[in-house]
file upload_16.cif (mmCIF, C-alpha atoms (C1' of nucleotides) and all ligand atoms)
data_structure
#
loop_
_atom_site.label_atom_id
_atom_site.label_comp_id
_atom_site.auth_asym_id
_atom_site.auth_seq_id
_atom_site.Cartn_x
_atom_site.Cartn_y
_atom_site.Cartn_z
CA MET O 1 73.01 0.09 -27.74
CA LYS O 2 71.60 -0.75 -31.13
CA LYS O 3 72.79 -3.90 -32.77
CA GLN O 4 75.49 -2.74 -35.16
CA LYS O 5 74.62 -3.23 -38.78
CA LYS O 6 76.19 -1.84 -41.90
CA LYS O 7 74.08 -0.16 -44.50
CA PRO O 8 72.47 -2.94 -46.50
CA ALA O 9 73.16 -2.81 -50.22
CA LEU O 10 70.79 -5.72 -50.49
CA LYS O 11 67.07 -5.25 -50.57
CA GLY O 12 66.29 -8.38 -48.61
CA LEU O 13 63.76 -11.11 -49.15
CA GLY O 14 60.86 -9.94 -51.20
CA ASP O 15 57.14 -10.57 -50.96
CA GLY O 16 56.04 -13.72 -49.23
CA LEU O 17 59.38 -15.45 -48.90
CA LYS O 18 59.89 -17.34 -45.70
CA ARG O 19 62.61 -16.07 -43.40
CA THR O 20 64.62 -19.26 -43.11
CA PRO O 21 68.07 -19.42 -41.49
CA GLN O 22 69.56 -20.65 -44.74
CA ARG O 23 68.23 -17.70 -46.65
CA LEU O 24 69.33 -15.28 -43.98
CA ALA O 25 72.82 -16.75 -44.05
CA ILE O 26 73.03 -16.38 -47.80
CA LEU O 27 71.57 -12.92 -47.59
CA ASP O 28 74.15 -11.99 -44.98
CA PHE O 29 77.01 -13.19 -47.12
CA LEU O 30 75.71 -11.35 -50.15
CA ASP O 31 74.97 -8.11 -48.35
CA GLY O 32 77.47 -5.52 -49.46
CA ASN O 33 79.56 -8.14 -51.25
CA THR O 34 81.25 -6.72 -54.33
CA SER O 35 83.11 -9.84 -55.42
CA HIS O 36 80.44 -11.07 -57.82
CA PRO O 37 80.53 -14.60 -56.42
CA SER O 38 79.46 -17.73 -58.22
CA ALA O 39 76.96 -20.17 -56.73
CA GLU O 40 79.84 -22.32 -55.57
CA GLN O 41 81.55 -19.46 -53.82
CA VAL O 42 78.33 -18.62 -52.06
CA TYR O 43 77.95 -22.24 -51.06
CA LYS O 44 81.49 -22.54 -49.73
CA ALA O 45 81.30 -19.34 -47.74
CA VAL O 46 77.90 -20.01 -46.23
CA SER O 47 78.62 -23.68 -45.52
CA LYS O 48 81.31 -22.72 -43.06
CA LYS O 49 78.92 -20.89 -40.78
CA TYR O 50 75.85 -22.87 -41.61
CA GLN O 51 76.84 -26.50 -41.87
CA SER O 52 74.27 -28.74 -43.59
CA MET O 53 73.66 -26.10 -46.21
CA SER O 54 72.70 -27.74 -49.46
CA PHE O 55 73.87 -26.69 -52.87
CA ALA O 56 70.31 -26.87 -54.12
CA THR O 57 69.25 -24.38 -51.49
CA VAL O 58 71.90 -21.97 -52.68
CA TYR O 59 70.54 -22.16 -56.19
CA ASN O 60 66.96 -21.94 -55.01
CA THR O 61 67.69 -18.89 -52.94
CA LEU O 62 69.73 -17.20 -55.64
CA HIS O 63 66.83 -17.70 -58.02
CA ALA O 64 64.29 -16.49 -55.51
CA LEU O 65 66.30 -13.38 -54.76
CA THR O 66 66.80 -12.74 -58.44
CA LYS O 67 63.09 -13.02 -59.10
CA ALA O 68 62.41 -10.77 -56.15
CA GLY O 69 64.71 -8.20 -57.70
CA SER O 70 67.24 -8.21 -54.87
CA LEU O 71 69.95 -9.83 -56.93
CA LYS O 72 71.28 -9.67 -60.45
CA GLU O 73 72.59 -12.58 -62.46
CA LEU O 74 75.68 -11.63 -64.41
CA GLY O 75 76.48 -13.27 -67.73
CA ILE O 76 79.98 -11.83 -67.76
CA ASP O 77 81.78 -15.06 -67.00
CA PRO O 78 81.15 -17.63 -69.74
CA ASP O 79 82.05 -20.47 -67.41
CA ARG O 80 79.66 -19.94 -64.56
CA ARG O 81 76.95 -17.58 -63.48
CA ARG O 82 77.89 -14.82 -61.10
CA TYR O 83 75.68 -12.86 -58.78
CA ASP O 84 75.61 -9.21 -57.87
CA PRO O 85 73.65 -7.89 -54.88
CA ASN O 86 74.05 -4.42 -56.30
CA THR O 87 71.00 -4.15 -58.51
CA ALA O 88 71.48 -0.53 -59.42
CA THR O 89 72.67 0.03 -62.96
CA HIS O 90 76.43 -0.01 -62.99
CA HIS O 91 79.25 -1.39 -65.07
CA HIS O 92 82.15 -3.78 -64.79
CA PHE O 93 85.82 -4.10 -65.46
CA ILE O 94 87.00 -7.64 -66.18
CA CYS O 95 90.68 -8.49 -65.88
CA LEU O 96 91.72 -10.66 -68.80
CA LYS O 97 94.42 -12.24 -66.66
CA CYS O 98 92.96 -13.00 -63.26
CA LYS O 99 89.29 -12.81 -64.28
CA ARG O 100 88.50 -10.50 -61.39
CA ILE O 101 85.33 -8.48 -61.88
CA VAL O 102 85.46 -4.97 -60.51
CA ASP O 103 82.57 -2.56 -60.21
CA VAL O 104 82.66 0.59 -62.26
CA MET O 105 80.15 2.74 -60.49
CA ASP O 106 80.84 5.84 -62.52
CA GLU O 107 77.83 6.94 -64.45
CA ILE O 108 78.47 6.43 -68.11
CA ARG O 109 76.44 8.38 -70.57
CA ILE O 110 75.81 6.14 -73.48
CA ALA O 111 74.63 7.90 -76.57
CA LEU O 112 71.98 5.45 -77.62
CA PRO O 113 72.52 4.88 -81.31
CA LYS O 114 69.63 5.83 -83.51
CA SER O 115 69.53 2.43 -85.14
CA ALA O 116 68.83 0.77 -81.81
CA VAL O 117 66.18 3.19 -80.71
CA LYS O 118 64.35 3.26 -83.99
CA GLU O 119 62.42 0.04 -83.62
CA CYS O 120 63.47 -1.47 -80.33
CA SER O 121 62.87 -0.25 -76.83
CA VAL O 122 65.98 -0.20 -74.73
CA VAL O 123 65.36 -0.94 -71.07
CA ASP O 124 68.86 -1.00 -69.70
CA SER O 125 72.46 -1.14 -70.75
CA HIS O 126 75.68 -2.49 -69.38
CA VAL O 127 79.27 -1.70 -70.24
CA GLU O 128 82.01 -4.28 -69.92
CA PHE O 129 85.57 -3.04 -69.85
CA PHE O 130 88.29 -5.57 -70.59
CA GLY O 131 91.88 -5.08 -69.62
CA TYR O 132 94.43 -5.74 -66.96
CA CYS O 133 93.88 -4.88 -63.34
CA ALA O 134 96.41 -3.04 -61.20
CA ALA O 135 97.72 -6.22 -59.60
CA CYS O 136 98.21 -8.07 -62.87
CA LYS O 137 99.77 -5.03 -64.52
CA LYS O 138 102.29 -4.84 -61.72
CA LYS O 139 103.16 -8.53 -62.00
CA ALA O 140 103.77 -8.24 -65.74
CA LYS O 141 106.45 -5.62 -65.11
CA SER O 142 108.58 -8.01 -63.09
CA MET F 1 87.54 -14.18 -114.75
CA LYS F 2 88.37 -14.04 -111.10
CA LYS F 3 86.82 -16.61 -108.87
CA GLN F 4 83.74 -14.90 -107.50
CA LYS F 5 83.84 -14.41 -103.78
CA LYS F 6 81.83 -12.18 -101.50
CA LYS F 7 83.68 -9.86 -99.25
CA PRO F 8 84.78 -11.97 -96.33
CA ALA F 9 83.80 -10.66 -92.92
CA LEU F 10 85.85 -13.52 -91.63
CA LYS F 11 89.62 -13.47 -91.62
CA GLY F 12 90.02 -17.15 -92.43
CA LEU F 13 92.23 -19.79 -90.95
CA GLY F 14 95.29 -18.34 -89.37
CA ASP F 15 98.91 -19.43 -89.30
CA GLY F 16 99.65 -23.08 -89.89
CA LEU F 17 96.13 -24.44 -89.68
CA LYS F 18 95.40 -27.20 -92.13
CA ARG F 19 92.76 -26.50 -94.73
CA THR F 20 90.42 -29.35 -93.95
CA PRO F 21 86.93 -29.67 -95.47
CA GLN F 22 85.37 -29.55 -92.00
CA ARG F 23 87.07 -26.30 -91.18
CA LEU F 24 86.19 -24.82 -94.54
CA ALA F 25 82.55 -25.81 -94.07
CA ILE F 26 82.44 -24.18 -90.65
CA LEU F 27 84.25 -21.17 -91.99
CA ASP F 28 81.76 -20.91 -94.82
CA PHE F 29 78.80 -21.01 -92.46
CA LEU F 30 80.34 -18.42 -90.21
CA ASP F 31 81.38 -16.07 -92.97
CA GLY F 32 79.19 -12.99 -92.85
CA ASN F 33 76.87 -14.64 -90.33
CA THR F 34 75.38 -12.10 -87.92
CA SER F 35 73.21 -14.47 -85.88
CA HIS F 36 75.79 -15.09 -83.17
CA PRO F 37 75.31 -18.86 -83.30
CA SER F 38 76.09 -21.29 -80.53
CA ALA F 39 78.27 -24.34 -81.07
CA GLU F 40 75.16 -26.45 -81.49
CA GLN F 41 73.73 -24.16 -84.13
CA VAL F 42 77.01 -24.31 -86.02
CA TYR F 43 76.98 -28.07 -85.71
CA LYS F 44 73.41 -28.43 -86.95
CA ALA F 45 73.90 -26.12 -89.90
CA VAL F 46 77.20 -27.61 -91.02
CA SER F 47 76.09 -31.21 -90.45
CA LYS F 48 73.48 -30.86 -93.15
CA LYS F 49 76.01 -30.18 -95.85
CA TYR F 50 78.86 -32.08 -94.33
CA GLN F 51 77.52 -35.30 -92.92
CA SER F 52 79.85 -37.07 -90.47
CA MET F 53 80.78 -33.77 -88.87
CA SER F 54 81.60 -34.30 -85.25
CA PHE F 55 80.62 -32.06 -82.39
CA ALA F 56 84.17 -32.19 -81.10
CA THR F 57 85.42 -30.84 -84.39
CA VAL F 58 83.06 -27.91 -84.15
CA TYR F 59 84.45 -27.05 -80.74
CA ASN F 60 88.02 -27.64 -81.88
CA THR F 61 87.56 -25.38 -84.86
CA LEU F 62 85.76 -22.67 -82.94
CA HIS F 63 88.63 -22.65 -80.46
CA ALA F 64 91.24 -22.62 -83.20
CA LEU F 65 89.56 -19.75 -85.00
CA THR F 66 89.18 -17.86 -81.76
CA LYS F 67 92.84 -18.28 -80.97
CA ALA F 68 93.71 -17.25 -84.51
CA GLY F 69 91.72 -14.08 -83.95
CA SER F 70 89.15 -14.77 -86.64
CA LEU F 71 86.33 -15.32 -84.22
CA LYS F 72 85.09 -13.84 -81.00
CA GLU F 73 83.52 -15.75 -78.15
CA LEU F 74 80.57 -13.90 -76.68
CA GLY F 75 79.68 -14.22 -73.01
CA ILE F 76 76.34 -12.54 -73.55
CA ASP F 77 74.21 -15.62 -73.17
CA PRO F 78 74.62 -17.19 -69.72
CA ASP F 79 73.37 -20.53 -70.99
CA ARG F 80 75.76 -21.22 -73.81
CA ARG F 81 78.68 -19.65 -75.59
CA ARG F 82 77.99 -17.76 -78.76
CA TYR F 83 80.36 -16.93 -81.56
CA ASP F 84 80.78 -13.84 -83.65
CA PRO F 85 82.82 -13.81 -86.88
CA ASN F 86 82.80 -10.04 -86.71
CA THR F 87 85.91 -9.37 -84.66
CA ALA F 88 85.80 -5.62 -85.04
CA THR F 89 84.75 -3.79 -81.88
CA HIS F 90 81.00 -3.43 -81.91
CA HIS F 91 78.11 -3.77 -79.53
CA HIS F 92 74.95 -5.79 -79.06
CA PHE F 93 71.28 -5.47 -78.38
CA ILE F 94 69.74 -8.41 -76.55
CA CYS F 95 65.99 -8.92 -76.62
CA LEU F 96 64.77 -9.89 -73.17
CA LYS F 97 61.88 -11.78 -74.72
CA CYS F 98 63.19 -13.78 -77.64
CA LYS F 99 66.89 -13.64 -76.67
CA ARG F 100 67.86 -12.54 -80.15
CA ILE F 101 71.23 -10.81 -80.31
CA VAL F 102 71.45 -7.97 -82.76
CA ASP F 103 74.57 -6.10 -83.78
CA VAL F 104 74.87 -2.46 -82.87
CA MET F 105 77.56 -1.30 -85.21
CA ASP F 106 77.25 2.37 -84.34
CA GLU F 107 80.38 3.70 -82.81
CA ILE F 108 79.75 4.48 -79.20
CA ARG F 109 82.02 6.91 -77.50
CA ILE F 110 82.48 5.69 -74.00
CA ALA F 111 83.94 8.21 -71.66
CA LEU F 112 86.33 5.95 -69.82
CA PRO F 113 85.78 6.70 -66.16
CA LYS F 114 88.81 8.02 -64.36
CA SER F 115 88.55 5.39 -61.68
CA ALA F 116 89.02 2.63 -64.25
CA VAL F 117 91.89 4.25 -66.05
CA LYS F 118 93.78 5.21 -62.94
CA GLU F 119 95.31 1.85 -62.18
CA CYS F 120 94.07 -0.55 -64.78
CA SER F 121 94.74 -0.63 -68.49
CA VAL F 122 91.60 -0.95 -70.55
CA VAL F 123 92.09 -2.92 -73.74
CA ASP F 124 88.56 -3.03 -75.07
CA SER F 125 84.98 -2.41 -74.10
CA HIS F 126 81.61 -3.76 -75.01
CA VAL F 127 78.14 -2.37 -74.51
CA GLU F 128 75.13 -4.59 -74.02
CA PHE F 129 71.72 -3.06 -74.57
CA PHE F 130 68.77 -4.88 -73.09
CA GLY F 131 65.24 -4.35 -74.24
CA TYR F 132 62.58 -5.59 -76.60
CA CYS F 133 63.16 -6.02 -80.29
CA ALA F 134 60.81 -4.73 -82.95
CA ALA F 135 59.13 -8.10 -83.44
CA CYS F 136 58.50 -8.69 -79.74
CA LYS F 137 57.30 -5.14 -79.25
CA LYS F 138 54.77 -5.62 -81.99
CA LYS F 139 53.51 -8.87 -80.50
CA ALA F 140 52.99 -7.30 -77.11
CA LYS F 141 50.63 -4.74 -78.63
CA SER F 142 48.17 -7.38 -79.82
"C1'" DT V 1 104.41 -41.99 -103.04
"C1'" DC V 2 105.51 -41.86 -98.08
"C1'" DA V 3 105.98 -40.42 -93.63
"C1'" DT V 4 104.27 -37.93 -90.01
"C1'" DG V 5 102.24 -34.71 -87.21
"C1'" DA V 6 97.87 -32.46 -87.28
"C1'" DT V 7 93.13 -33.39 -87.33
"C1'" DT V 8 88.69 -35.84 -86.98
"C1'" DT V 9 85.75 -38.67 -84.56
"C1'" DG V 10 82.76 -41.10 -81.11
"C1'" DG V 11 82.33 -41.73 -76.72
"C1'" DA V 12 83.47 -41.04 -72.06
"C1'" DA V 13 84.25 -37.55 -68.48
"C1'" DT V 14 83.50 -33.23 -66.25
"C1'" DG V 15 81.23 -29.39 -64.23
"C1'" DA V 16 77.47 -26.26 -63.75
"C1'" DT V 17 72.76 -26.14 -63.24
"C1'" DT V 18 68.09 -28.10 -62.89
"C1'" DA V 19 64.61 -31.45 -61.49
"C1'" DT V 20 62.52 -34.67 -58.28
"C1'" DA V 21 61.06 -36.96 -54.22
"C1'" DT V 22 60.82 -36.80 -49.30
"C1'" DG V 23 61.35 -35.13 -44.83
"C1'" DT V 24 61.20 -30.52 -42.28
"C1'" DT V 25 59.71 -26.00 -40.75
"C1'" DA V 26 58.18 -21.02 -40.69
"C1'" DA V 27 54.30 -18.81 -40.11
"C1'" DA V 28 49.58 -18.23 -39.78
"C1'" DA V 29 45.29 -19.89 -37.90
"C1'" DA V 30 42.77 -21.82 -34.17
"C1'" DT N 1 50.24 -22.82 -27.26
"C1'" DT N 2 48.91 -26.22 -30.49
"C1'" DT N 3 47.60 -27.30 -35.00
"C1'" DT N 4 47.92 -27.07 -39.76
"C1'" DT N 5 50.06 -26.83 -44.08
"C1'" DA N 6 52.17 -24.76 -48.01
"C1'" DA N 7 56.67 -23.42 -48.48
"C1'" DC N 8 61.18 -24.94 -47.87
"C1'" DA N 9 65.70 -27.70 -47.36
"C1'" DT N 10 67.97 -31.61 -48.54
"C1'" DA N 11 70.04 -35.53 -51.00
"C1'" DT N 12 70.26 -37.40 -55.10
"C1'" DA N 13 69.40 -38.12 -59.86
"C1'" DA N 14 69.08 -36.01 -64.32
"C1'" DT N 15 70.43 -32.70 -67.91
"C1'" DC N 16 73.05 -29.99 -70.70
"C1'" DA N 17 77.16 -27.63 -72.47
"C1'" DT N 18 81.75 -28.31 -72.88
"C1'" DT N 19 86.13 -30.79 -72.50
"C1'" DC N 20 88.97 -34.80 -72.64
"C1'" DC N 21 90.77 -39.00 -74.69
"C1'" DA N 22 92.40 -42.63 -77.57
"C1'" DA N 23 92.16 -44.51 -81.97
"C1'" DA N 24 91.51 -43.83 -86.93
"C1'" DT N 25 92.20 -40.68 -90.72
"C1'" DC N 26 94.12 -37.15 -93.50
"C1'" DA N 27 96.67 -32.91 -95.39
"C1'" DT N 28 100.86 -31.59 -96.66
"C1'" DG N 29 105.67 -31.45 -97.43
"C1'" DA N 30 109.76 -34.23 -98.63
MN MN C 201 78.80 -5.20 -59.79
MN MN C 202 78.04 -9.12 -83.24
ZN ZN C 203 94.02 -9.13 -62.77
ZN ZN C 204 62.54 -10.18 -79.37
#
call {"tool": "encode", "arguments": {"input": "upload_16.cif", "output": "structure tokens", "more": "lines below"}}
Ligand SMILES: [Mn+2]
Ligand SMILES: [Mn+2]
Ligand SMILES: [Zn+2]
Ligand SMILES: [Zn+2]
result
Amino acid sequence: MKKQKKKPALKGLGDGLKRTPQRLAILDFLDGNTSHPSAEQVYKAVSKKYQSMSFATVYNTLHALTKAGSLKELGIDPDRRRYDPNTATHHHFICLKCKRIVDVMDEIRIALPKSAVKECSVVDSHVEFFGYCAACKKKAKS
Amino acid sequence: MKKQKKKPALKGLGDGLKRTPQRLAILDFLDGNTSHPSAEQVYKAVSKKYQSMSFATVYNTLHALTKAGSLKELGIDPDRRRYDPNTATHHHFICLKCKRIVDVMDEIRIALPKSAVKECSVVDSHVEFFGYCAACKKKAKS
DNA sequence: TCATGATTTGGAATGATTATATGTTAAAAA
DNA sequence: TTTTTAACATATAATCATTCCAAATCATGA
């Protein structure tokens, strides 16, 4: 029987990156994760399984993965950087109350404004939706 | 003759905020400013004219103005908060090279995806375009 | 003018991230 | 397998943006 393994949303370590247990642990936590965790959340989660994990290693690995193109740094949260293993172009809904960040995978056709295209070259775009998530909406009705 | 005054892009101090020289100086710098300055840039600019300006006051004022709805905090730059006196819904182009943030005032019709509307209530949205600005594009061709 | 609560200020505190120095190890060569 | 070594992990210090704090000052209304 093949070792069970869910479809990896994460590309994995790139190029000549060493396959260290720390990196594999971080990679495993990130794989398929849609919570857009911060460095601290990664650290906390991975520390449990892999005691002796250093905070610096988390940052190092997050940077390495980002450079390798297996991870995206999100600037959404002004307070701390968040990471997204889903590197395909997609968008996000941010709850103004609980700060949860939810994927919006729907393809959004953005009519690139002429003014932007005229002189600049647009490589990518990202839509942020702000509002109140289902849970917070429900609470407000109490 | 009426006191000459350019059309204010900035709403001004809200409610019961005292009209202090510091706040007026910051307000004056921000008025019509489209550079999306950071707190430090505000501090540097205003310090010149208003010596003795404190960094804490800049933060206090930026917060007060934000709460009053005369200013918007931008989460675009992961390294530091940036402020936008233009509180009308508009979008931004971010140059991946020089990090410049340029307004995209064109109205963009975003087809709100069903999945987002279903359970959540969307209050606002913001599009970030990433690419290379005219100046950086030109440089690259050298 | 006076009283007073709001505001300013400098400096200390915090929290996220980065840098450094040193011991460790994955991986490739022998 | 053993050797070799650049890459890596770790602890800790340093940095940088932002917030907090307590004391001094000030704007505004009575
Ligand atoms: Mn995402
Ligand atoms: Mn703007
Ligand atoms: Zn919520
Ligand atoms: Zn540029």
call {"tool": "atom_distance", "arguments": {"input": "upload_16.cif", "atom1": "atom CA of O:Val46", "atom2": "atom CA of F:Pro78"}}
result
23.9 Å
call {"tool": "closest_atom_pairs", "arguments": {"input": "upload_16.cif", "of": "chain F", "to": "ligand ZN 204 (chain C)", "cutoff": "7 Å", "atoms": "only C-alpha atoms and all ligand atoms", "output": "JSON lines"}}
result
{"residue": "F:Cys95", "atom": "CA", "partner": "C:ZN204", "partner_atom": "ZN", "distance": 4.6}
{"residue": "F:Leu96", "atom": "CA", "partner": "C:ZN204", "partner_atom": "ZN", "distance": 6.6}
{"residue": "F:Lys97", "atom": "CA", "partner": "C:ZN204", "partner_atom": "ZN", "distance": 5.0}
{"residue": "F:Cys98", "atom": "CA", "partner": "C:ZN204", "partner_atom": "ZN", "distance": 4.0}
{"residue": "F:Lys99", "atom": "CA", "partner": "C:ZN204", "partner_atom": "ZN", "distance": 6.2}
{"residue": "F:Arg100", "atom": "CA", "partner": "C:ZN204", "partner_atom": "ZN", "distance": 5.9}
{"residue": "F:Tyr132", "atom": "CA", "partner": "C:ZN204", "partner_atom": "ZN", "distance": 5.4}
{"residue": "F:Cys133", "atom": "CA", "partner": "C:ZN204", "partner_atom": "ZN", "distance": 4.3}
{"residue": "F:Ala134", "atom": "CA", "partner": "C:ZN204", "partner_atom": "ZN", "distance": 6.7}
{"residue": "F:Ala135", "atom": "CA", "partner": "C:ZN204", "partner_atom": "ZN", "distance": 5.7}
{"residue": "F:Cys136", "atom": "CA", "partner": "C:ZN204", "partner_atom": "ZN", "distance": 4.3}
call {"tool": "interface_residues", "arguments": {"input": "upload_16.cif", "of": "chain O", "to": "chain N", "cutoff": "10 Å", "atoms": "only C-alpha atoms (C1' of nucleotides)", "output": "list in words"}}
result
Gly16, Leu17, Lys18, Thr20, Gln22, Ser52, Met53, Ser54, Phe55, Ala56, Thr57, Val58, Asn60 and Asp79 of chain O
call {"tool": "write_last_selection", "arguments": {"input": "upload_16.cif", "atoms": "C-alpha atoms", "output": "compact mmCIF listing (two decimals), in the frame of the given file"}}
result
# COMPACT_ATOMS: atom_id res chain seq x y z
CA GLY O 16 56.04 -13.72 -49.23
CA LEU O 17 59.38 -15.45 -48.90
CA LYS O 18 59.89 -17.34 -45.70
CA THR O 20 64.62 -19.26 -43.11
CA GLN O 22 69.56 -20.65 -44.74
CA SER O 52 74.27 -28.74 -43.59
CA MET O 53 73.66 -26.10 -46.21
CA SER O 54 72.70 -27.74 -49.46
CA PHE O 55 73.87 -26.69 -52.87
CA ALA O 56 70.31 -26.87 -54.12
CA THR O 57 69.25 -24.38 -51.49
CA VAL O 58 71.90 -21.97 -52.68
CA ASN O 60 66.96 -21.94 -55.01
CA ASP O 79 82.05 -20.47 -67.41
call {"tool": "interface_residues", "arguments": {"input": "upload_16.cif", "of": "chain V", "to": "chain F", "cutoff": "10 Å", "atoms": "all atoms listed in the file", "output": "short mmCIF file (atom, residue, chain, number, x, y, z; two decimals) with C-alpha atoms (C1' of nucleotides), in the coordinates of the input"}}
result
data_model
loop_
_atom_site.label_atom_id
_atom_site.label_comp_id
_atom_site.auth_asym_id
_atom_site.auth_seq_id
_atom_site.Cartn_x
_atom_site.Cartn_y
_atom_site.Cartn_z
"C1'" DA V 6 97.87 -32.46 -87.28
"C1'" DT V 7 93.13 -33.39 -87.33
"C1'" DT V 8 88.69 -35.84 -86.98
"C1'" DT V 9 85.75 -38.67 -84.56
"C1'" DG V 10 82.76 -41.10 -81.11
"C1'" DT V 17 72.76 -26.14 -63.24
#
call {"tool": "closest_residue", "arguments": {"input": "upload_16.cif", "among": "O:Ile101, O:Pro37, O:Ile76, O:Asn86", "to": "chain F", "atoms": "all atoms listed in the file"}}
result
O:Ile76
